[in-house]
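Student: Below you'll find query.cif; it's mmCIF, C-alpha atoms and all ligand atoms.
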data_coords
loop_
_atom_site.label_atom_id
_atom_site.label_comp_id
_atom_site.auth_asym_id
_atom_site.auth_seq_id
_atom_site.Cartn_x
_atom_site.Cartn_y
_atom_site.Cartn_z
CA PRO A 1 45.71 -72.75 40.17
CA VAL A 2 46.36 -69.03 40.22
CA SER A 3 43.15 -67.96 41.94
CA LYS A 4 42.74 -68.19 45.69
CA LEU A 5 39.03 -67.35 45.32
CA PRO A 6 38.00 -69.10 42.10
CA ASP A 7 34.31 -69.14 43.02
CA ILE A 8 34.11 -65.43 43.85
CA GLY A 9 32.97 -62.92 41.21
CA THR A 10 32.79 -59.14 41.36
CA SER A 11 31.08 -57.76 44.48
CA ILE A 12 27.32 -57.39 43.97
CA PHE A 13 27.58 -53.74 45.05
CA SER A 14 29.86 -52.91 42.11
CA VAL A 15 27.78 -55.00 39.73
CA MET A 16 24.46 -53.37 40.60
CA THR A 17 25.85 -49.83 40.69
CA GLN A 18 27.35 -50.32 37.23
CA LEU A 19 24.08 -51.74 35.91
CA ALA A 20 22.19 -48.81 37.47
CA GLN A 21 24.48 -46.38 35.67
CA GLU A 22 24.11 -48.20 32.34
CA CYS A 23 20.32 -48.19 32.64
CA GLY A 24 19.99 -44.73 34.15
CA ALA A 25 18.18 -46.36 37.06
CA ILE A 26 17.70 -44.85 40.52
CA ASN A 27 20.38 -46.59 42.58
CA LEU A 28 18.90 -48.03 45.78
CA ALA A 29 21.36 -50.92 45.51
CA GLN A 30 24.81 -50.12 46.88
CA GLY A 31 24.65 -48.62 50.37
CA PHE A 32 25.68 -44.98 50.13
CA PRO A 33 23.87 -41.67 50.68
CA ASP A 34 23.00 -39.37 47.76
CA TYR A 35 23.49 -36.35 50.04
CA ASP A 36 26.74 -34.79 51.19
CA PRO A 37 28.58 -34.81 54.52
CA PRO A 38 27.96 -31.87 56.91
CA LEU A 39 29.29 -28.64 55.40
CA ALA A 40 31.59 -28.12 58.39
CA LEU A 41 33.29 -31.42 57.57
CA GLN A 42 33.74 -30.54 53.90
CA GLN A 43 35.15 -27.15 54.86
CA ALA A 44 37.48 -28.75 57.39
CA LEU A 45 38.82 -31.05 54.68
CA ALA A 46 39.35 -28.09 52.36
CA ARG A 47 41.28 -26.35 55.14
CA HIS A 48 43.47 -29.31 55.93
CA ALA A 49 44.03 -30.15 52.29
CA THR A 50 45.59 -26.70 51.91
CA THR A 51 47.63 -26.73 55.12
CA ALA A 52 51.38 -27.17 54.98
CA GLY A 53 52.51 -30.32 56.69
CA HIS A 54 49.24 -32.23 56.23
CA HIS A 55 50.29 -33.98 53.06
CA GLN A 56 52.67 -36.58 54.41
CA TYR A 57 52.12 -39.90 56.19
CA ALA A 58 49.99 -39.83 59.30
CA PRO A 59 51.26 -41.84 62.28
CA MET A 60 50.69 -45.56 61.66
CA PRO A 61 47.86 -46.05 64.24
CA GLY A 62 46.11 -42.80 63.27
CA LEU A 63 46.50 -39.13 64.20
CA PRO A 64 46.67 -38.82 68.01
CA ARG A 65 44.07 -36.02 67.99
CA LEU A 66 41.64 -38.15 66.02
CA ARG A 67 42.14 -41.14 68.30
CA GLU A 68 41.60 -38.89 71.32
CA ALA A 69 38.40 -37.55 69.78
CA ILE A 70 37.19 -41.10 69.07
CA ALA A 71 37.92 -42.05 72.70
CA ARG A 72 35.87 -39.09 74.02
CA LYS A 73 32.99 -39.75 71.65
CA THR A 74 32.89 -43.45 72.49
CA ALA A 75 32.81 -42.72 76.21
CA ARG A 76 30.03 -40.14 75.74
CA VAL A 77 27.84 -42.29 73.51
CA TYR A 78 28.14 -45.54 75.45
CA GLY A 79 28.58 -44.26 79.00
CA ILE A 80 31.85 -46.13 79.45
CA PRO A 81 35.40 -45.12 80.40
CA GLU A 82 37.40 -43.73 77.47
CA PRO A 83 39.26 -46.39 75.50
CA ASP A 84 42.99 -45.60 75.60
CA PRO A 85 43.87 -43.79 72.34
CA ALA A 86 47.50 -44.93 72.62
CA THR A 87 46.86 -48.64 73.00
CA GLU A 88 43.23 -49.40 72.10
CA ILE A 89 42.24 -47.35 69.03
CA THR A 90 43.50 -47.80 65.46
CA VAL A 91 42.33 -45.66 62.53
CA THR A 92 41.82 -47.72 59.37
CA CYS A 93 40.96 -47.29 55.72
CA GLY A 94 37.24 -47.80 56.30
CA ALA A 95 35.76 -50.61 58.35
CA THR A 96 36.73 -52.75 55.35
CA GLU A 97 40.42 -52.53 56.14
CA ALA A 98 39.74 -53.06 59.85
CA LEU A 99 37.79 -56.25 59.07
CA TYR A 100 40.58 -57.56 56.90
CA ALA A 101 43.33 -56.58 59.34
CA VAL A 102 41.58 -58.30 62.25
CA LEU A 103 41.04 -61.49 60.26
CA ALA A 104 44.60 -61.50 58.94
CA ALA A 105 45.91 -60.85 62.44
CA VAL A 106 44.18 -63.66 64.31
CA VAL A 107 42.92 -66.35 61.93
CA HIS A 108 45.36 -69.22 61.45
CA PRO A 109 44.98 -71.84 58.71
CA GLY A 110 42.28 -74.29 59.77
CA ASP A 111 40.73 -71.96 62.35
CA GLU A 112 36.97 -71.78 62.32
CA VAL A 113 35.21 -68.42 62.20
CA LEU A 114 31.52 -68.29 62.99
CA VAL A 115 29.48 -66.15 60.60
CA LEU A 116 25.77 -65.44 60.98
CA GLU A 117 24.11 -65.52 57.57
CA PRO A 118 22.98 -63.51 55.61
CA ALA A 119 26.30 -61.71 56.05
CA TYR A 120 28.14 -58.78 54.52
CA ASP A 121 29.81 -60.11 51.40
CA LEU A 122 33.40 -59.51 52.53
CA TYR A 123 33.31 -61.80 55.57
CA GLY A 124 33.51 -65.26 53.99
CA PRO A 125 36.16 -64.54 51.33
CA ALA A 126 38.36 -62.59 53.76
CA ILE A 127 38.26 -65.50 56.23
CA ARG A 128 39.12 -67.98 53.49
CA LEU A 129 42.08 -65.88 52.31
CA GLN A 130 43.62 -66.47 55.76
CA GLY A 131 43.11 -70.22 55.41
CA GLY A 132 40.25 -69.98 57.88
CA VAL A 133 37.06 -71.99 57.65
CA PRO A 134 33.84 -69.96 57.79
CA VAL A 135 31.16 -71.81 59.76
CA TYR A 136 27.79 -70.40 58.74
CA VAL A 137 24.84 -70.16 61.10
CA PRO A 138 21.54 -69.08 59.53
CA LEU A 139 19.63 -66.10 60.90
CA PRO A 140 15.95 -67.02 60.69
CA ALA A 141 13.66 -64.76 58.58
CA PRO A 142 11.76 -62.49 58.90
CA HIS A 143 13.48 -61.01 61.98
CA PHE A 144 17.00 -62.31 61.30
CA ARG A 145 17.79 -62.42 65.01
CA PRO A 146 20.35 -65.00 66.16
CA ASP A 147 19.09 -68.37 67.34
CA TRP A 148 21.62 -68.85 70.14
CA ASP A 149 21.04 -72.60 70.28
CA LEU A 150 22.27 -72.81 66.69
CA VAL A 151 25.27 -70.67 67.62
CA ARG A 152 26.04 -72.91 70.60
CA ALA A 153 25.89 -75.98 68.38
CA ALA A 154 28.23 -74.41 65.82
CA LEU A 155 30.94 -73.42 68.33
CA SER A 156 33.88 -75.78 68.65
CA PRO A 157 37.33 -75.78 70.27
CA ARG A 158 38.61 -74.62 66.87
CA THR A 159 36.40 -71.49 66.80
CA ARG A 160 38.91 -68.64 66.76
CA LEU A 161 36.45 -65.84 66.22
CA VAL A 162 32.74 -65.04 66.16
CA MET A 163 31.64 -62.28 63.75
CA LEU A 164 28.75 -60.08 64.91
CA ASN A 165 27.07 -57.29 62.96
CA SER A 166 24.50 -55.11 64.71
CA PRO A 167 22.62 -53.25 63.33
CA HIS A 168 22.74 -55.91 60.68
CA ASN A 169 23.38 -55.56 56.96
CA PRO A 170 21.16 -56.46 55.08
CA SER A 171 18.26 -57.06 57.52
CA GLY A 172 18.54 -54.19 60.02
CA ALA A 173 18.24 -56.62 62.95
CA VAL A 174 19.53 -55.17 66.23
CA LEU A 175 21.03 -57.19 69.08
CA THR A 176 19.68 -56.64 72.61
CA ALA A 177 21.52 -56.54 75.91
CA ALA A 178 20.15 -60.04 76.55
CA ASP A 179 21.69 -61.26 73.28
CA LEU A 180 25.09 -60.01 74.41
CA ASP A 181 24.67 -61.69 77.81
CA THR A 182 23.82 -64.97 76.10
CA LEU A 183 26.83 -64.74 73.83
CA ALA A 184 29.08 -63.90 76.79
CA ALA A 185 27.89 -67.04 78.58
CA LEU A 186 28.60 -69.13 75.46
CA LEU A 187 32.15 -67.77 75.12
CA ARG A 188 33.02 -67.86 78.83
CA ASP A 189 35.98 -70.19 79.51
CA THR A 190 36.90 -70.32 75.81
CA ALA A 191 39.68 -68.50 73.94
CA THR A 192 37.27 -67.50 71.16
CA MET A 193 37.48 -63.83 70.18
CA LEU A 194 34.77 -61.55 68.88
CA LEU A 195 34.68 -59.21 65.92
CA SER A 196 31.78 -56.77 66.31
CA ASP A 197 30.98 -54.82 63.14
CA GLU A 198 29.03 -51.81 64.42
CA VAL A 199 29.25 -49.51 61.38
CA TYR A 200 25.49 -48.74 61.61
CA GLU A 201 25.73 -47.91 65.35
CA HIS A 202 23.84 -44.61 64.98
CA MET A 203 20.94 -46.03 62.97
CA VAL A 204 18.66 -47.71 65.52
CA PHE A 205 14.99 -46.74 65.60
CA ASP A 206 11.82 -46.53 67.67
CA GLY A 207 13.65 -45.25 70.75
CA GLU A 208 15.74 -48.38 71.15
CA PRO A 209 19.45 -48.00 71.95
CA HIS A 210 22.32 -49.57 70.06
CA ARG A 211 23.94 -52.07 72.42
CA SER A 212 27.65 -51.90 71.76
CA VAL A 213 29.92 -54.77 72.68
CA LEU A 214 32.04 -52.00 74.24
CA GLN A 215 29.36 -51.68 76.95
CA HIS A 216 29.69 -55.35 77.89
CA PRO A 217 32.82 -55.66 80.07
CA GLU A 218 33.12 -59.41 79.66
CA LEU A 219 32.77 -59.38 75.85
CA ARG A 220 34.83 -56.21 75.42
CA GLU A 221 37.89 -58.02 76.82
CA ARG A 222 37.93 -60.37 73.83
CA ALA A 223 36.48 -58.08 71.17
CA PHE A 224 37.52 -56.02 68.18
CA VAL A 225 34.81 -53.37 67.73
CA LEU A 226 34.65 -51.63 64.35
CA SER A 227 32.96 -48.48 63.15
CA SER A 228 33.00 -46.32 60.04
CA PHE A 229 32.97 -42.54 59.59
CA GLY A 230 31.71 -43.29 56.08
CA LYS A 231 28.32 -44.27 57.54
CA THR A 232 28.19 -41.77 60.38
CA TYR A 233 29.21 -38.72 58.30
CA HIS A 234 27.61 -39.59 54.92
CA ALA A 235 31.13 -39.91 53.53
CA THR A 236 31.55 -43.48 52.29
CA GLY A 237 34.09 -42.25 49.73
CA TRP A 238 36.46 -41.00 52.41
CA LYS A 239 37.18 -44.58 53.52
CA LEU A 240 37.79 -43.77 57.15
CA GLY A 241 37.01 -46.20 59.96
CA TYR A 242 38.49 -47.52 63.16
CA CYS A 243 38.95 -50.51 65.43
CA ILE A 244 38.71 -50.43 69.24
CA ALA A 245 40.18 -53.43 71.08
CA PRO A 246 42.10 -54.17 74.30
CA PRO A 247 45.86 -53.42 74.10
CA ALA A 248 47.01 -56.98 73.36
CA LEU A 249 44.48 -57.35 70.53
CA THR A 250 45.16 -53.85 69.20
CA ALA A 251 48.86 -54.73 69.00
CA GLU A 252 47.95 -57.63 66.70
CA VAL A 253 45.73 -55.47 64.47
CA ARG A 254 48.53 -52.93 64.13
CA ARG A 255 51.03 -55.61 63.14
CA VAL A 256 48.89 -56.17 60.04
CA HIS A 257 47.68 -52.60 59.50
CA GLN A 258 51.28 -51.32 59.28
CA PHE A 259 51.91 -53.57 56.29
CA LEU A 260 48.46 -53.40 54.72
CA THR A 261 48.05 -49.63 54.36
CA PHE A 262 50.51 -48.35 57.01
CA ALA A 263 48.39 -45.26 57.63
CA VAL A 264 45.22 -43.51 56.50
CA SER A 265 45.13 -40.26 54.52
CA THR A 266 46.19 -37.34 56.71
CA PRO A 267 43.84 -34.47 55.71
CA THR A 268 40.69 -36.56 56.13
CA GLN A 269 41.80 -37.56 59.64
CA HIS A 270 42.34 -33.92 60.60
CA ALA A 271 38.95 -32.95 59.18
CA LEU A 272 37.15 -35.65 61.16
CA ALA A 273 39.04 -34.67 64.31
CA ASP A 274 37.87 -31.05 63.84
CA VAL A 275 34.18 -31.96 63.66
CA LEU A 276 34.39 -34.51 66.46
CA GLU A 277 36.00 -31.85 68.66
CA THR A 278 33.41 -29.19 67.88
CA ASP A 279 30.07 -30.90 67.11
CA ALA A 280 29.01 -33.64 69.48
CA ALA A 281 25.41 -33.32 68.30
CA HIS A 282 25.88 -34.84 64.84
CA ASP A 283 25.52 -38.48 65.82
CA GLN A 284 22.62 -37.65 68.14
CA HIS A 285 20.53 -36.51 65.16
CA LEU A 286 21.11 -39.66 63.15
CA PRO A 287 18.51 -42.03 64.63
CA ALA A 288 15.67 -39.55 63.94
CA PHE A 289 17.13 -38.60 60.55
CA TYR A 290 17.17 -42.22 59.37
CA GLN A 291 13.94 -43.19 61.08
CA HIS A 292 12.23 -40.47 59.03
CA LYS A 293 13.65 -41.98 55.84
CA ARG A 294 12.64 -45.49 56.85
CA ASP A 295 9.09 -44.37 57.69
CA LEU A 296 8.77 -42.31 54.51
CA PHE A 297 9.96 -45.15 52.28
CA ARG A 298 7.65 -47.64 53.98
CA GLU A 299 4.66 -45.29 53.68
CA LEU A 300 5.43 -44.69 50.02
CA LEU A 301 5.47 -48.44 49.37
CA ALA A 302 2.52 -49.25 51.61
CA GLY A 303 0.08 -49.59 48.70
CA SER A 304 2.53 -51.55 46.52
CA ARG A 305 2.73 -55.29 46.00
CA PHE A 306 6.07 -55.53 47.83
CA GLU A 307 5.90 -57.11 51.27
CA LEU A 308 8.11 -55.07 53.58
CA LEU A 309 10.04 -56.75 56.38
CA PRO A 310 10.59 -55.00 59.74
CA VAL A 311 13.53 -52.55 59.94
CA PRO A 312 14.68 -51.91 63.51
CA GLY A 313 18.04 -50.44 62.42
CA GLY A 314 20.53 -49.78 59.65
CA TYR A 315 19.66 -48.10 56.35
CA PHE A 316 18.28 -50.96 54.33
CA GLN A 317 14.74 -52.18 53.69
CA LEU A 318 14.21 -55.84 52.81
CA ALA A 319 11.19 -56.79 50.73
CA ARG A 320 9.53 -59.93 49.39
CA TYR A 321 8.36 -59.68 45.80
CA HIS A 322 6.43 -62.97 45.42
CA ARG A 323 3.23 -61.07 44.53
CA ILE A 324 5.03 -59.45 41.59
CA SER A 325 7.31 -62.13 40.15
CA THR A 326 8.51 -65.70 40.49
CA LEU A 327 11.98 -64.89 39.14
CA PRO A 328 15.06 -65.84 41.20
CA ASP A 329 16.22 -62.81 43.20
CA VAL A 330 19.29 -62.08 41.05
CA GLU A 331 17.18 -62.01 37.91
CA PHE A 332 14.44 -60.01 39.58
CA ALA A 333 16.99 -57.41 40.75
CA ARG A 334 18.30 -57.07 37.18
CA HIS A 335 14.77 -56.93 35.80
CA LEU A 336 13.79 -54.21 38.27
CA THR A 337 16.89 -52.20 37.37
CA ARG A 338 16.37 -52.50 33.62
CA GLU A 339 12.59 -52.39 33.32
CA ALA A 340 11.41 -50.39 36.33
CA GLY A 341 14.48 -48.14 36.64
CA VAL A 342 15.21 -48.91 40.29
CA ALA A 343 18.40 -50.79 41.20
CA VAL A 344 18.35 -53.09 44.23
CA VAL A 345 20.51 -55.86 45.69
CA PRO A 346 19.39 -59.51 45.65
CA VAL A 347 19.73 -60.90 49.17
CA SER A 348 21.19 -64.20 47.90
CA ALA A 349 24.46 -62.23 47.50
CA PHE A 350 24.71 -62.33 51.30
CA TYR A 351 24.71 -66.15 51.43
CA HIS A 352 27.86 -68.19 50.71
CA ASN A 353 25.78 -70.75 48.81
CA GLY A 354 23.59 -68.21 47.01
CA HIS A 355 20.50 -69.19 49.04
CA ASP A 356 17.52 -67.45 47.46
CA ALA A 357 14.86 -66.40 49.97
CA GLY A 358 12.96 -64.29 47.42
CA LEU A 359 14.16 -61.05 48.99
CA ILE A 360 15.62 -57.83 47.65
CA ARG A 361 17.32 -55.01 49.55
CA PHE A 362 16.62 -51.30 49.08
CA CYS A 363 18.97 -48.66 50.51
CA PHE A 364 16.93 -45.77 51.96
CA ALA A 365 19.92 -43.50 52.71
CA LYS A 366 18.63 -41.21 49.96
CA GLN A 367 17.10 -37.76 49.66
CA ASP A 368 13.36 -37.79 50.23
CA ALA A 369 12.86 -36.80 46.58
CA THR A 370 14.91 -39.82 45.45
CA LEU A 371 12.80 -42.14 47.61
CA GLN A 372 9.62 -40.58 46.20
CA ALA A 373 10.80 -40.97 42.61
CA ALA A 374 11.78 -44.59 43.22
CA ALA A 375 8.49 -45.36 44.94
CA GLU A 376 6.50 -43.99 41.98
CA ARG A 377 8.23 -46.56 39.78
CA LEU A 378 7.80 -49.37 42.31
CA ARG A 379 4.14 -48.74 43.12
CA VAL A 380 2.95 -49.55 39.60
CA LEU A 381 4.47 -53.04 39.56
N1 LIG B 401 30.57 -53.73 57.38
C1 LIG B 401 29.31 -53.58 56.96
C2 LIG B 401 28.25 -54.42 57.58
C3 LIG B 401 29.01 -52.69 55.94
O1 LIG B 401 27.76 -52.58 55.49
C4 LIG B 401 30.03 -51.90 55.40
C5 LIG B 401 29.77 -50.85 54.36
N2 LIG B 401 29.11 -51.22 53.28
C6 LIG B 401 31.34 -52.10 55.85
C7 LIG B 401 31.57 -53.01 56.85
C8 LIG B 401 32.49 -51.35 55.26
O2 LIG B 401 32.64 -50.07 55.79
P1 LIG B 401 33.59 -48.98 55.11
O3 LIG B 401 32.82 -48.36 54.02
O4 LIG B 401 33.89 -48.04 56.23
O5 LIG B 401 34.80 -49.67 54.63
N1 LIG B 402 28.30 -51.62 52.55
C1 LIG B 402 27.67 -51.22 51.33
C2 LIG B 402 26.43 -52.06 51.10
O1 LIG B 402 26.14 -52.97 51.83
C3 LIG B 402 28.55 -51.33 50.14
C4 LIG B 402 29.99 -51.25 50.34
C5 LIG B 402 30.71 -51.61 49.09
O2 LIG B 402 30.26 -51.32 48.00
N2 LIG B 402 31.80 -52.27 49.24
O3 LIG B 402 25.76 -51.81 50.15
#
Once more with this new file: its structure as structure tokens, please.
Ligand code: PMP
Ligand code: GLN
Tutor:
Amino acid sequence: PVSKLPDIGTSIFSVMTQLAQECGAINLAQGFPDYDPPLALQQALARHATTAGHHQYAPMPGLPRLREAIARKTARVYGIPEPDPATEITVTCGATEALYAVLAAVVHPGDEVLVLEPAYDLYGPAIRLQGGVPVYVPLPAPHFRPDWDLVRAALSPRTRLVMLNSPHNPSGAVLTAADLDTLAALLRDTATMLLSDEVYEHMVFDGEPHRSVLQHPELRERAFVLSSFGKTYHATGWKLGYCIAPPALTAEVRRVHQFLTFAVSTPTQHALADVLETDAAHDQHLPAFYQHKRDLFRELLAGSRFELLPVPGGYFQLARYHRISTLPDVEFARHLTREAGVAVVPVSAFYHNGHDAGLIRFCFAKQDATLQAAAERLRVL
């Protein structure tokens, strides 16, 4: 057979965005903001896109000045020593490339990789493309917080890697310091590594902190920690992310990265370095900025027949629709897009077996006016 992924169709995010465009629906499906990056960042890109010498390949691991800025920011945000830009930080083409590079670097055929489900749609297929075996552990609704006994039971001597995602897509669940301690105890005396997808690190609400794996010395030693400037700077189209890992693990990521993309576009890296060097306040505004959007969207839907699940972090709102329809979630999402003019993502897309929990996902990274317009259409259902 030609296909290595015969059971995998087009990503739900592409499918729903295309349907939204065809129907002229408000797109609360694919996760991206409908507002622009900070003006200073746009202007920095314009500057660097018209600067001689910024049009050729960047160094393979990323521009040194960007890696240095990432090191300083990471130390400031998490109160930890600076990761070494030379040996511990790699700039990637979005967190997407970092995820793939890590998996390609460390997963051998037959290795097990533990995935907490629902999970971002890339994880399972990318593991399988390496010959790895995803081992799925369910996250119990409605809080979608890990049941560590289930994780313990799923670990085996063949577990090469555990995938973590906090704040979690699609549920918004946030891991606590105690969660990280429990995981550290489970992995102690094993060779199992950790991939921590922290792209929503600056979207944690109600005064709670984001607990980064980078703050946990024991886990950090075995971890690849990923983030994305797409999320943090409202610039998903720039495809700029990074991986922080100890030197020996970083060396493995770079072995793959050099042959996957080699390097990331040069002007965007300079632009990000400029704003990181001059505006440390940007990320500090994000929790309040997104908490406002979460609260607004929830208030707007309060009188509707959707049942809203808790949202401690991230920029997605999960909702049950059993009081509106008995359709399977994929059909309900299409129906909502076509008939109500609001595109959403069916949560079954985050399960390898298409498990349907009767949930849809709204993205609230939208202008207040967009959220209001969408809510007007949703409230009458
Ligand atoms: N991981 C998660 C959990 C995500 O939601 C996303 C973005 N949709 C990514 C990784 C990919 O990030 P990027 O856009 O930087 O490639
Ligand atoms: N991460 C985004 C989401 O969850 C989509 C990214 C993509 O379209 N690949 O909606």
Student: Could you tell me which of A:Ala153, A:Leu122, A:Val2, A:Leu308 comes closest to ligand LIG 402 (chain B) if we count only C-alpha atoms and all ligand atoms?
Tutor: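 Under the stated criterion, the closest residue is A:Leu122.
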Student: What residues have any atom no more than 9 Å from ligand LIG 401 (chain B) when counting only C-alpha atoms and all ligand atoms, and can you list them as a ChimeraX atom specification?
Tutor: /A:13,30-32,92-99,119-123,165-170,197-200,226-231,235-242,314
Student: Nearest to A:Pro81 among A:Glu376, A:Ala251, A:Ala271, A:Leu214, with distances taken over all atoms listed in the file: which residue is it?
Tutor: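 Of A:Glu376, A:Ala251, A:Ala271, A:Leu214, the one nearest A:Pro81, counting all atoms listed in the file, is A:Leu214.
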Student: Please provide the set of residues having any atom within 9 Å of stretch 47-55 of chain A, restricted to all atoms listed in the file, with same-chain residues fewer than 4 positions apart removed, written as a list in words.
Tutor: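 Contacts, with the query itself left out: Gln42, Gln43, Ser265, Thr266, Pro267, Thr268, His270 and Ala271 of chain A.
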Student: Just write the chosen residues, C-alpha atoms, as an mmCIF file, in the coordinates of the input.
Tutor:
data_model
loop_
_atom_site.group_PDB
_atom_site.id
_atom_site.type_symbol
_atom_site.label_atom_id
_atom_site.label_comp_id
_atom_site.auth_asym_id
_atom_site.auth_seq_id
_atom_site.Cartn_x
_atom_site.Cartn_y
_atom_site.Cartn_z
ATOM 1 C CA GLN A 42 33.740 -30.540 53.900
ATOM 2 C CA GLN A 43 35.150 -27.150 54.860
ATOM 3 C CA SER A 265 45.130 -40.260 54.520
ATOM 4 C CA THR A 266 46.190 -37.340 56.710
ATOM 5 C CA PRO A 267 43.840 -34.470 55.710
ATOM 6 C CA THR A 268 40.690 -36.560 56.130
ATOM 7 C CA HIS A 270 42.340 -33.920 60.600
ATOM 8 C CA ALA A 271 38.950 -32.950 59.180
#
Student: Find, counting only C-alpha atoms, the residue in A:Arg128, A:Val344, A:Val253, A:Gly358 that gets nearest to A:Ile8.
Tutor: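 Closest to A:Ile8 of all the choices is A:Arg128.
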Student: Kindly give the distance, in Å, that separates atom CA of A:Val91 and atom CA of A:Val204, rounded to a single decimal.
Tutor: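 Interatomic distance, atom CA of A:Val91 to atom CA of A:Val204: 23.9 Å.
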Student: Smallest atom-to-atom distance to A:Phe362: which of A:Leu276, A:Arg379, A:Pro209, A:Gln317, using all atoms listed in the file?
Tutor: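 Going through A:Leu276, A:Arg379, A:Pro209, A:Gln317 one by one, the smallest distance to A:Phe362 is for A:Gln317.
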Student: Quick one: pull the distance between atom CA of A:Leu155 and atom CA of A:His352, Å, one decimal.
Tutor: 18.6 Å
Student: Separation of atom CA of A:Ala29 and atom CA of A:Pro142, in Å?
Tutor: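 Separating atom CA of A:Ala29 from atom CA of A:Pro142 is a distance of 20.1 Å.
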Student: Which residues, written as a compact mmCIF listing (two decimals) with C-alpha atoms, in the frame of the given file, have at least one atom at most 7 Å from A:Val311, with only C-alpha atoms counted and residues fewer than 2 positions away on the same chain left out?
Tutor:
# COMPACT_ATOMS: atom_id res chain seq x y z
CA SER A 171 18.26 -57.06 57.52
CA GLY A 172 18.54 -54.19 60.02
CA ALA A 173 18.24 -56.62 62.95
CA LEU A 309 10.04 -56.75 56.38
CA GLY A 313 18.04 -50.44 62.42
CA GLN A 317 14.74 -52.18 53.69
Student: Please list, as a PyMOL selection string, the residues that have an atom at most 7 Å away from (29.0, -67.8, 56.1) in the coordinates of this file, counting all atoms listed in the file.
Tutor: chain A and resi 115-117+119+124+134-137+351-352
Student: Next, the residues of the selection above should be written as an mmCIF file, in the frame of the given file with C-alpha atoms.
Tutor:
data_model
loop_
_atom_site.group_PDB
_atom_site.id
_atom_site.type_symbol
_atom_site.label_atom_id
_atom_site.label_comp_id
_atom_site.auth_asym_id
_atom_site.auth_seq_id
_atom_site.Cartn_x
_atom_site.Cartn_y
_atom_site.Cartn_z
ATOM 1 C CA VAL A 115 29.480 -66.150 60.600
ATOM 2 C CA LEU A 116 25.770 -65.440 60.980
ATOM 3 C CA GLU A 117 24.110 -65.520 57.570
ATOM 4 C CA ALA A 119 26.300 -61.710 56.050
ATOM 5 C CA GLY A 124 33.510 -65.260 53.990
ATOM 6 C CA PRO A 134 33.840 -69.960 57.790
ATOM 7 C CA VAL A 135 31.160 -71.810 59.760
ATOM 8 C CA TYR A 136 27.790 -70.400 58.740
ATOM 9 C CA VAL A 137 24.840 -70.160 61.100
ATOM 10 C CA TYR A 351 24.710 -66.150 51.430
ATOM 11 C CA HIS A 352 27.860 -68.190 50.710
#
Student: Using all atoms listed in the file, find all polymer residues with an atom at most 10 Å away from the point (24.4, -37.0, 62.8); report them as a list in words.
Tutor: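 Residues found, by chain and rising number: Pro37, Pro38, His202, Met203, Lys231, Thr232, Tyr233, His234, Asp279, Ala280, Ala281, His282, Asp283, Gln284, His285, Leu286, Pro287, Ala288, Phe289 and Tyr290 of chain A.
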